[in-house]
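Chemist: Provided below: my_file09.txt, containing compact mmCIF, C-alpha atoms.
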# COMPACT_ATOMS: atom_id res chain seq x y z
CA MET A 1 -4.24 -4.88 -3.51
CA PHE A 2 -2.22 -1.92 -2.19
CA VAL A 3 -5.25 0.03 -1.01
CA ALA A 4 -6.83 -3.02 0.61
CA ASP A 5 -3.57 -3.84 2.42
CA LEU A 6 -3.27 -0.27 3.70
CA LEU A 7 -6.93 -0.20 4.69
CA ILE A 8 -6.61 -3.38 6.73
CA ALA A 9 -3.40 -2.10 8.36
CA SER A 10 -4.95 1.27 9.24
CA ILE A 11 -8.20 -0.11 10.62
CA SER A 12 -6.50 -2.84 12.62
CA ALA A 13 -3.87 -0.36 13.92
CA LEU A 14 -6.64 2.00 15.04
CA CYS A 15 -8.29 -0.78 17.03
CA ILE A 16 -5.01 -2.16 18.40
CA VAL A 17 -3.73 1.26 19.51
CA TRP A 18 -7.09 2.15 21.06
CA ILE A 19 -7.34 -1.13 22.99
CA VAL A 20 -3.68 -1.12 24.04
CA SER A 21 -3.69 2.52 25.16
CA ILE A 22 -6.79 1.98 27.30
CA THR A 23 -5.65 -1.37 28.70
CA PHE A 24 -2.10 -0.32 29.60
CA GLY A 25 -2.64 3.41 30.19
CA THR A 26 0.00 4.54 27.71
CA LYS A 27 0.30 6.71 24.63
CA GLY A 28 3.38 4.90 23.40
CA PRO A 29 7.05 5.85 23.69
CA TRP A 30 6.44 9.26 22.12
CA ASP A 31 3.52 10.07 24.43
CA ASN A 32 1.39 10.76 21.39
CA LEU A 33 -1.38 8.48 20.12
CA LEU A 34 -1.05 9.71 16.53
CA TRP A 35 2.60 8.66 16.31
CA PHE A 36 1.85 5.43 18.09
CA PHE A 37 -0.88 4.71 15.53
CA LEU A 38 1.31 5.72 12.58
CA VAL A 39 4.16 3.42 13.60
CA VAL A 40 1.87 0.45 14.33
CA ALA A 41 -0.01 0.94 11.04
CA LEU A 42 3.20 1.30 9.03
CA PHE A 43 4.84 -1.72 10.62
CA GLY A 44 1.65 -3.77 10.28
CA TRP A 45 1.44 -2.93 6.61
CA ALA A 46 5.13 -2.96 5.59
CA CYS A 47 6.02 -6.19 7.36
CA GLY A 48 2.60 -7.84 7.15
CA VAL A 49 2.52 -7.79 3.35
CA TRP A 50 5.89 -9.55 3.26
CA LEU A 51 4.75 -12.42 5.46
CA VAL A 52 3.64 -15.72 3.98
CA PRO A 53 -0.14 -15.31 3.50
CA PHE A 54 -2.08 -17.38 6.04
CA GLY A 55 -5.57 -17.33 7.50
CA PRO A 56 -8.80 -16.27 5.79
CA HIS A 57 -8.62 -14.14 2.65
CA TRP A 58 -10.66 -11.04 1.85
CA ARG A 59 -10.55 -9.68 -1.72
CA GLY A 60 -7.41 -11.71 -2.31
CA ILE A 61 -5.76 -10.19 0.77
CA SER A 62 -4.72 -12.24 3.76
CA GLY A 63 -5.40 -9.83 6.62
CA LEU A 64 -4.16 -11.98 9.48
CA PRO A 65 -0.39 -11.42 8.93
CA ILE A 66 -0.93 -7.64 8.88
CA ILE A 67 -3.01 -7.77 12.08
CA CYS A 68 -0.46 -10.06 13.78
CA MET A 69 2.43 -7.72 12.93
CA GLY A 70 0.42 -4.76 14.23
CA ILE A 71 -0.24 -6.56 17.52
CA TRP A 72 3.42 -7.58 17.98
CA ILE A 73 4.68 -4.07 17.29
CA ALA A 74 2.09 -2.46 19.55
CA LEU A 75 3.02 -4.88 22.34
CA LEU A 76 6.72 -4.20 21.81
CA LEU A 77 6.18 -0.45 21.91
CA VAL A 78 4.09 -0.72 25.06
CA ALA A 79 6.84 -2.82 26.61
CA ALA A 80 9.29 -0.07 25.67
CA SER A 81 7.12 2.81 26.96
CA PRO A 82 6.71 4.46 30.34
CA ARG A 83 3.22 3.52 31.59
CA THR A 84 0.99 5.14 34.19
CA SER A 85 -0.27 1.71 35.25
CA ARG A 86 3.24 0.78 36.33
CA GLN A 87 2.76 1.79 39.96
CA ARG A 88 2.48 -1.49 41.72
CA PRO A 89 4.87 -0.96 44.64
CA MET A 90 3.08 1.35 47.12
CA GLY A 91 5.01 4.47 48.05
CA HIS A 92 7.71 3.91 45.47
CA GLU A 93 6.69 6.68 43.11
CA LYS A 94 9.99 8.50 43.55
CA THR A 95 11.99 5.40 42.73
CA LEU A 96 9.85 4.75 39.67
CA ALA A 97 10.22 8.32 38.46
CA HIS A 98 13.94 8.08 38.85
CA HIS A 99 14.12 4.92 36.75
CA ASP A 100 11.66 6.05 34.06
CA ASN A 101 14.51 6.66 31.61
CA ALA A 102 15.15 2.95 31.37
CA VAL A 103 11.87 1.09 31.06
CA ALA A 104 11.37 -1.81 33.45
CA ILE A 105 11.60 -5.40 32.26
CA ASP A 106 8.17 -6.51 33.36
CA ILE A 107 5.46 -9.01 32.44
CA LEU A 108 4.88 -7.29 29.10
CA VAL A 109 8.42 -7.88 27.90
CA TRP A 110 7.96 -11.54 28.77
CA LEU A 111 4.63 -11.54 26.94
CA VAL A 112 6.29 -10.13 23.80
CA ILE A 113 9.04 -12.73 24.07
CA LEU A 114 6.50 -15.54 24.54
CA CYS A 115 4.46 -14.38 21.52
CA LEU A 116 7.60 -14.20 19.40
CA VAL A 117 8.71 -17.69 20.41
CA ILE A 118 5.26 -19.11 19.64
CA MET A 119 5.21 -17.30 16.28
CA GLY A 120 8.68 -18.53 15.40
CA VAL A 121 8.09 -22.13 16.46
CA GLY A 122 4.68 -22.03 14.77
CA HIS A 123 6.41 -21.34 11.48
CA TYR A 124 8.08 -24.75 11.57
CA ALA A 125 4.93 -26.46 12.75
CA TRP A 126 2.43 -25.01 10.29
CA TYR A 127 4.19 -23.44 7.34
CA LEU A 128 4.71 -25.68 4.32
CA ARG A 129 7.77 -24.49 2.44
CA PRO A 130 7.39 -24.44 -1.36
CA ASN A 131 10.32 -26.86 -1.82
CA MET B 1 16.44 -25.38 9.38
CA LEU B 2 15.47 -24.11 12.83
CA PHE B 3 19.10 -24.15 13.98
CA VAL B 4 20.37 -22.28 10.91
CA ASP B 5 17.55 -19.71 11.13
CA LEU B 6 18.26 -19.13 14.81
CA MET B 7 21.98 -18.88 14.20
CA VAL B 8 21.50 -16.28 11.46
CA ALA B 9 19.13 -14.31 13.71
CA VAL B 10 21.46 -14.42 16.73
CA ILE B 11 24.61 -13.49 14.78
CA SER B 12 22.91 -10.70 12.86
CA ALA B 13 21.25 -9.38 16.04
CA LEU B 14 24.63 -9.34 17.78
CA GLY B 15 26.10 -7.30 14.92
CA ILE B 16 23.10 -4.97 14.63
CA VAL B 17 22.83 -4.31 18.38
CA TRP B 18 26.56 -3.72 18.68
CA ILE B 19 26.70 -1.29 15.74
CA ILE B 20 23.56 0.55 16.83
CA SER B 21 24.56 0.85 20.47
CA VAL B 22 27.94 2.29 19.45
CA LEU B 23 26.53 4.57 16.73
CA PHE B 24 23.59 5.97 18.68
CA ASN B 25 25.01 5.62 22.18
CA THR B 26 22.02 3.73 23.55
CA LYS B 27 21.35 0.47 25.37
CA GLY B 28 17.77 0.27 24.16
CA PRO B 29 14.55 1.15 25.98
CA TRP B 30 15.40 -1.11 28.91
CA GLY B 31 18.84 0.38 29.50
CA ASN B 32 20.34 -3.09 29.09
CA LEU B 33 22.16 -4.40 26.03
CA PHE B 34 21.29 -8.02 26.80
CA TRP B 35 17.53 -7.40 26.66
CA PHE B 36 17.97 -5.21 23.60
CA PHE B 37 19.80 -8.09 21.91
CA VAL B 38 17.24 -10.72 23.02
CA VAL B 39 14.28 -8.74 21.65
CA VAL B 40 16.01 -7.92 18.35
CA ALA B 41 17.16 -11.53 17.87
CA LEU B 42 13.73 -12.94 18.68
CA PHE B 43 11.89 -10.52 16.41
CA ALA B 44 14.40 -11.10 13.60
CA TRP B 45 13.99 -14.85 13.89
CA SER B 46 10.23 -15.19 14.52
CA CYS B 47 9.13 -12.60 11.95
CA GLY B 48 12.00 -13.18 9.52
CA VAL B 49 11.17 -16.84 9.03
CA TRP B 50 7.57 -15.98 8.22
CA ILE B 51 8.60 -13.59 5.47
CA VAL B 52 8.54 -14.93 1.93
CA PRO B 53 12.15 -16.08 1.32
CA VAL B 54 13.90 -13.52 -0.88
CA GLY B 55 17.52 -12.87 -1.76
CA PRO B 56 20.45 -15.25 -1.53
CA GLN B 57 20.17 -18.43 0.51
CA TRP B 58 22.61 -20.15 2.85
CA ARG B 59 21.96 -23.80 3.74
CA GLY B 60 18.36 -23.42 2.55
CA THR B 61 17.74 -20.32 4.65
CA GLY B 62 16.88 -16.97 3.09
CA TRP B 63 18.87 -14.85 5.54
CA LEU B 64 18.03 -11.45 4.08
CA PRO B 65 14.48 -11.23 5.56
CA ILE B 66 15.83 -12.16 9.00
CA ILE B 67 18.50 -9.44 8.86
CA CYS B 68 16.01 -6.88 7.50
CA MET B 69 13.59 -7.60 10.36
CA GLY B 70 16.42 -7.27 12.86
CA ILE B 71 17.46 -3.89 11.46
CA LEU B 72 13.86 -2.60 11.41
CA ILE B 73 13.15 -3.66 14.99
CA ALA B 74 16.49 -2.31 16.24
CA LEU B 75 15.78 1.03 14.55
CA LEU B 76 12.30 1.13 16.05
CA LEU B 77 13.66 0.41 19.52
CA VAL B 78 16.32 3.10 19.12
CA ALA B 79 13.60 5.53 18.08
CA ALA B 80 11.67 4.55 21.23
CA SER B 81 14.66 4.80 23.58
CA PRO B 82 16.07 7.68 25.57
CA ARG B 83 19.58 8.39 24.24
CA THR B 84 22.51 10.19 25.79
CA SER B 85 23.42 11.69 22.41
CA ARG B 86 20.24 13.79 22.54
CA LYS B 87 21.81 16.98 23.85
CA ARG B 88 19.92 19.64 22.02
CA LEU B 89 18.16 21.03 25.10
CA PRO B 90 19.67 22.61 28.21
CA ARG B 91 20.52 20.03 30.88
CA LYS B 92 17.55 20.57 33.23
CA GLU B 93 14.97 20.44 30.44
CA GLN B 94 16.74 17.45 28.94
CA GLU B 95 16.28 15.42 32.12
CA PHE B 96 12.58 16.22 32.12
CA VAL B 97 11.99 15.46 28.44
CA ASP B 98 13.92 12.18 28.39
CA VAL B 99 11.08 10.28 30.12
CA ASN B 100 9.40 10.05 26.74
CA ALA B 101 11.31 9.39 23.55
CA ALA B 102 11.46 12.37 21.20
CA ILE B 103 10.05 12.35 17.68
CA ASP B 104 13.37 12.87 15.97
CA VAL B 105 15.45 11.77 12.99
CA PHE B 106 15.57 8.13 14.15
CA LEU B 107 11.81 7.79 14.04
CA TRP B 108 11.82 9.32 10.58
CA ILE B 109 14.54 6.93 9.42
CA CYS B 110 12.50 4.05 10.81
CA MET B 111 9.40 5.22 8.97
CA VAL B 112 11.23 5.77 5.68
CA CYS B 113 12.70 2.25 5.95
CA LEU B 114 9.23 0.85 6.60
CA LEU B 115 7.78 2.71 3.64
CA MET B 116 10.54 1.41 1.36
CA PHE B 117 10.11 -2.10 2.77
CA GLY B 118 6.36 -2.01 2.17
CA ILE B 119 6.49 -0.46 -1.29
CA GLY B 120 9.30 -2.84 -2.22
CA HIS B 121 6.88 -5.69 -1.69
CA TYR B 122 4.68 -4.49 -4.54
CA VAL B 123 7.68 -3.81 -6.77
CA TRP B 124 9.62 -7.02 -6.25
CA HIS B 125 7.29 -9.64 -4.88
CA PRO B 126 6.41 -12.20 -7.60
CA ARG B 127 2.75 -12.06 -6.49
CA ILE B 128 2.39 -8.78 -8.37
CA GLY B 129 3.62 -10.13 -11.66
Write the structure described by the file as structure tokens, please.
Modeler:
Amino acid sequence: MFVADLLIASISALCIVWIVSITFGTKGPWDNLLWFFLVVALFGWACGVWLVPFGPHWRGISGLPIICMGIWIALLLVAASPRTSRQRPMGHEKTLAHHDNAVAIDILVWLVILCLVIMGVGHYAWYLRPN
Amino acid sequence: MLFVDLMVAVISALGIVWIISVLFNTKGPWGNLFWFFVVVALFAWSCGVWIVPVGPQWRGTGWLPIICMGILIALLLVAASPRTSRKRLPRKEQEFVDVNAAIDVFLWICMVCLLMFGIGHYVWHPRIG
């Protein structure tokens, strides 16, 4: 159980971090892929195992909650990271560099918020409470 | 149920964000307490309600998972934020380094909490028994 949970969290975190770092051109808030991976894997595992099991099962393990948590955390960390792809306004590099300390509230923050709202509302729509 | 869950998440997020911003002298990664609060409250609510209800209940809501999620996310965001309390380097170097968050004690606290949270599942969750 424990090993399978950790295995799913590690493998999914590897994929998530790889895809996210390529897509958004970031290495996470710590500018280091290893730390980015470690935090996503740990969050995916630690919080995922506490979620109500849903989705398909593999060896008695419901992998979907772990993968979902990994995706949310990776998205949140990307939203909280400086990104090289964040250079939309032409000729505003100096302004961007100046404001890099506080990360911009951009489309990704809204995406995280949207995902969270859907996840939260989905709980009431799909989850059958034991009582 | 939805209203009570949301209320617990919002009130706990308010408390968590206030305590953390005062303790660690940060306004979160976005330099804005409002957004810090919104993200913590949303994470606490949306992930907290999906967690197996544990601990004491209030009006049918297990509030402990919601608060735990709020604390974990707030800690993670503090670990990922530039903070003014980080004054270990000389001023010029500090300004340069602050663009990326440092791997410091907050990240370690966050990871220890996560480890305890994860291992606690196997110790306390009825599934194991």
Chemist: To one decimal place, how far is CA of Asn32 (chain B) from CA of Val49 (chain B) in Å?
Modeler: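 Interatomic distance, CA of Asn32 (chain B) to CA of Val49 (chain B): 26.0 Å.
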Chemist: For CA of Val54 (chain B) and CA of Leu6 (chain B), determine how far apart the two atoms are, in Å to one decimal place.
Modeler: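 Computing it gives 17.2 Å between the two atoms.
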Chemist: Which residue is closest to chain B? Choose from A:Trp72, A:Trp58, A:Phe37, A:Trp30 and count only C-alpha atoms.
Modeler: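 Checking each candidate against chain B, we get A:Trp30 as the closest.
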Chemist: Which centre and which edge lengths, in Å to one decimal, describe the axis-aligned box that holds all listed atoms of region 73-84 of chain A after 4 Å is added on each side, as lines of an AutoDock Vina configuration file?
Modeler:
center_x = 5.1
center_y = 0.1
center_z = 25.7
size_x = 16.3
size_y = 18.0
size_z = 24.9
Chemist: List the spatial neighbours of Val38 (chain B) as JSON, numbers by chain - criterion: any atom at most 9 Å away, only C-alpha atoms, same-chain residues fewer than 3 positions off excluded.
Modeler: {"A": [113], "B": [10, 13, 33, 34, 35, 41, 42, 43]}
Chemist: Excluding Ser10 (chain A) and its own-chain neighbours fewer than 2 positions away, which residues fall within 10 Å of it when counting all atoms listed in the file? Please give them as a count of residues only.
Modeler: 20
Chemist: What gap, in Å, lies between CA of Ile19 (chain B) and CA of Val39 (chain B)?
Modeler: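 Here the two named atoms are 15.6 Å from each other.
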